[in-house]
Every structure is written in C-alpha cells, then in structure tokens.
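Below is one structure, written out as structure tokens; comments come after it.
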Amino acid sequence: MEAVAEHAVRQFFATDPQAPGVGLRGHLAALHRMMVERPELFTVTVELDLRARRDPTIAAVMAQFEAGWRAVLAATLSGTVADPDRAAELVIATVKGVRLLPELAEDVFDALAELLVGVDRRPESGFPDSESEVRYR
C-alpha cells in the first residue's frame with residue numbers, strides 16, 4: 001500500500017507551480033486537466049487520505065507529500081499574498097475538497113486564483129477572444 005501511495009503522489013510532481021511560467025494559475029490548470037483526464041488518480045488520493053487516518057505508514061507518506069506541496073505553494077505565493085502559509089493551506093483544502101466534485105473544479109480553481117493572485121487578463125500571446133481564455137492565466 002505504501003508503494004501505491006508513493007506512486008500516486010509522484011504523479012502530481014509534474015504540476016510544480018515553481019516551474020518557469022507556471023505559478024498558481026498554471027498549477028491549478030494542470031490539476032484540473034488531471035481531474036478530467038485521470039479521474040481515477042483523484043479517487044485514489046481520496047482513498048489514501050482516508051486510509052492515512054488509520055494507517056501510520058500511509059499517513060507518513062501523505063504527510064511528507066503534503067508538507068512538500070505546502071512548502072512549494074507557500075514559496076510560490078510569497079510576495080504575492082500577505083500570508084503565503086495560510087494561502088497554501090487554502091489551496092490544499094480547496095483542491096482536496098473539489099476532488100469529490102470534479103465538475104466544479106474549473107470554476108472553483110478560477111475563483112481561488114482570482115481571490116489569491118487577482119484577475120490576470122494577459123493571454124500567453126495576444127488578447128483573449130473570449131472570457132474562457134482568461135481562466136488560470
């Protein structure tokens with residue numbers, strides 16, 4: 001079971017918000033894509049979080065992963081929000097909650113990004129053609 005937990009959490013390393021040009025919006029967009037493309041991964045993480053409450057080995061794996069995620073988020077949000085540690089907790093709680101309602105993820109993640117880092121209407125190239133192109137940037 002420990003190997004399953006480690007394998008599952010490693011899948012999220014590709015969503016690193018500190019990668020060049022990613023930031024919080026890119027991180028949330030990557031998580032949303034993963035929810036759409038790989039919903040079973042999020043089902044596994046929900047099950048692992050529940051199992052961690054009664055299995056110390058799984059709890060240790062999940063705690064280590066979450067501590068790393070928390071630190072990366074706080075570093076990413078440093079200089080952007082007044083309290084990056086609290087903001088990181090908000091992001092983690094939001095992602096964990098929306099795993100159970102993935103159909104809401106896009107709107108919830110968009111609102112979270114707007115709350116924490118503001119509205120960014122700069123598209124990657126040119127101006128957005130529609131409001132939907134503004135999301136997560």
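Chain lettering (A, B, ...) mirrors the order of the structure tokens, residue numbering begins at 1 for each chain separately, and ligand numbering begins at 1 in order of display.
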
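Residues in contact with A:Val72 at up to 9 Å, not including ones fewer than 4 positions away on its chain and judged by only C-alpha atoms, are Asp16, Pro17, Gln18, Ala67, Gly68, Thr76, Leu77 and Ala88 of chain A.
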
Output as a ChimeraX atom specification all residues of stretch 73-110 of chain A that backbone DSSP marks as helix (DSSP H, G or I).
/A:73-77,84-98,102-110

Would you export the selected residues with N, CA and C atoms as a CSV table (one decimal), in the first residue's frame, please?
```csv
chain,number,residue,atom,x,y,z
A,73,LEU,N,3.9,25.6,-2.5
A,73,LEU,CA,2.9,26.6,-2.7
A,73,LEU,C,3.2,27.9,-1.9
A,74,ALA,N,3.7,27.8,-0.7
A,74,ALA,CA,4.0,29.0,0.1
A,74,ALA,C,5.1,29.8,-0.6
A,75,ALA,N,6.1,29.1,-1.1
A,75,ALA,CA,7.2,29.8,-1.8
A,75,ALA,C,6.7,30.5,-3.1
A,76,THR,N,5.8,29.8,-3.8
A,76,THR,CA,5.2,30.3,-5.0
A,76,THR,C,4.4,31.6,-4.7
A,77,LEU,N,3.7,31.6,-3.6
A,77,LEU,CA,2.8,32.7,-3.2
A,77,LEU,C,3.5,33.8,-2.5
A,84,PRO,N,1.5,33.8,2.9
A,84,PRO,CA,1.6,32.7,2.0
A,84,PRO,C,1.4,31.3,2.6
A,85,ASP,N,1.6,31.1,3.9
A,85,ASP,CA,1.4,29.9,4.5
A,85,ASP,C,-0.1,29.6,4.6
A,86,ARG,N,-0.9,30.6,5.0
A,86,ARG,CA,-2.3,30.4,5.1
A,86,ARG,C,-2.9,30.3,3.7
A,87,ALA,N,-2.4,31.0,2.7
A,87,ALA,CA,-2.9,30.8,1.3
A,87,ALA,C,-2.6,29.4,0.8
A,88,ALA,N,-1.4,28.9,1.2
A,88,ALA,CA,-1.1,27.5,0.8
A,88,ALA,C,-2.1,26.5,1.4
A,89,GLU,N,-2.4,26.7,2.6
A,89,GLU,CA,-3.4,25.8,3.3
A,89,GLU,C,-4.8,26.0,2.6
A,90,LEU,N,-5.2,27.2,2.1
A,90,LEU,CA,-6.4,27.4,1.4
A,90,LEU,C,-6.4,26.6,0.1
A,91,VAL,N,-5.3,26.7,-0.6
A,91,VAL,CA,-5.2,25.9,-1.9
A,91,VAL,C,-5.3,24.4,-1.7
A,92,ILE,N,-4.6,23.9,-0.7
A,92,ILE,CA,-4.6,22.5,-0.4
A,92,ILE,C,-6.0,22.0,0.0
A,93,ALA,N,-6.7,22.8,0.9
A,93,ALA,CA,-8.0,22.4,1.3
A,93,ALA,C,-9.0,22.5,0.1
A,94,THR,N,-8.9,23.5,-0.7
A,94,THR,CA,-9.7,23.6,-1.9
A,94,THR,C,-9.6,22.5,-2.9
A,95,VAL,N,-8.3,22.1,-3.2
A,95,VAL,CA,-8.0,21.0,-4.1
A,95,VAL,C,-8.6,19.7,-3.5
A,96,LYS,N,-8.3,19.5,-2.2
A,96,LYS,CA,-8.8,18.3,-1.6
A,96,LYS,C,-10.4,18.2,-1.6
A,97,GLY,N,-11.0,19.3,-1.4
A,97,GLY,CA,-12.5,19.3,-1.4
A,97,GLY,C,-13.0,19.1,-2.8
A,98,VAL,N,-12.5,19.7,-3.8
A,98,VAL,CA,-13.1,19.7,-5.1
A,98,VAL,C,-12.8,18.3,-5.8
A,102,PRO,N,-15.5,17.0,-9.0
A,102,PRO,CA,-14.6,17.5,-10.1
A,102,PRO,C,-15.3,18.3,-11.2
A,103,GLU,N,-16.6,18.2,-11.3
A,103,GLU,CA,-17.3,19.0,-12.3
A,103,GLU,C,-17.3,20.5,-11.9
A,104,LEU,N,-17.0,20.8,-10.6
A,104,LEU,CA,-16.9,22.2,-10.2
A,104,LEU,C,-15.5,22.7,-10.2
A,105,ALA,N,-14.5,21.9,-10.5
A,105,ALA,CA,-13.1,22.2,-10.3
A,105,ALA,C,-12.7,23.5,-11.1
A,106,GLU,N,-13.1,23.6,-12.4
A,106,GLU,CA,-12.7,24.7,-13.2
A,106,GLU,C,-13.2,26.0,-12.6
A,107,ASP,N,-14.4,26.1,-12.2
A,107,ASP,CA,-15.0,27.4,-11.6
A,107,ASP,C,-14.4,27.7,-10.3
A,108,VAL,N,-14.2,26.6,-9.5
A,108,VAL,CA,-13.6,26.8,-8.1
A,108,VAL,C,-12.2,27.2,-8.2
A,109,PHE,N,-11.4,26.6,-9.1
A,109,PHE,CA,-10.0,26.9,-9.2
A,109,PHE,C,-9.8,28.3,-9.8
A,110,ASP,N,-10.7,28.7,-10.7
A,110,ASP,CA,-10.7,30.1,-11.2
A,110,ASP,C,-10.9,31.1,-10.1
```

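Between atom CA of A:His7 and atom CA of A:Ala113 the interatomic distance comes to 27.8 Å.
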
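If only C-alpha atoms are the atoms counted, then among A:Met1, A:Val22, A:Leu28, A:Ala63 the closest residue to A:Val44 is A:Met1.
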
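Once stretch 45-51 of chain A and its same-chain neighbours fewer than 4 positions away are set aside, Ala5, Ala8, Val9, Leu41, Asp55, Ile58, Ala59, Met62, Lys96 and Arg99 of chain A remain within 8 Å of it when counting only C-alpha atoms.
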
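The smallest atom-to-atom distance between A:Ala3 and any of A:Val61, A:Leu100, A:Gly23, A:Ala52, using only C-alpha atoms, is found for A:Val61.
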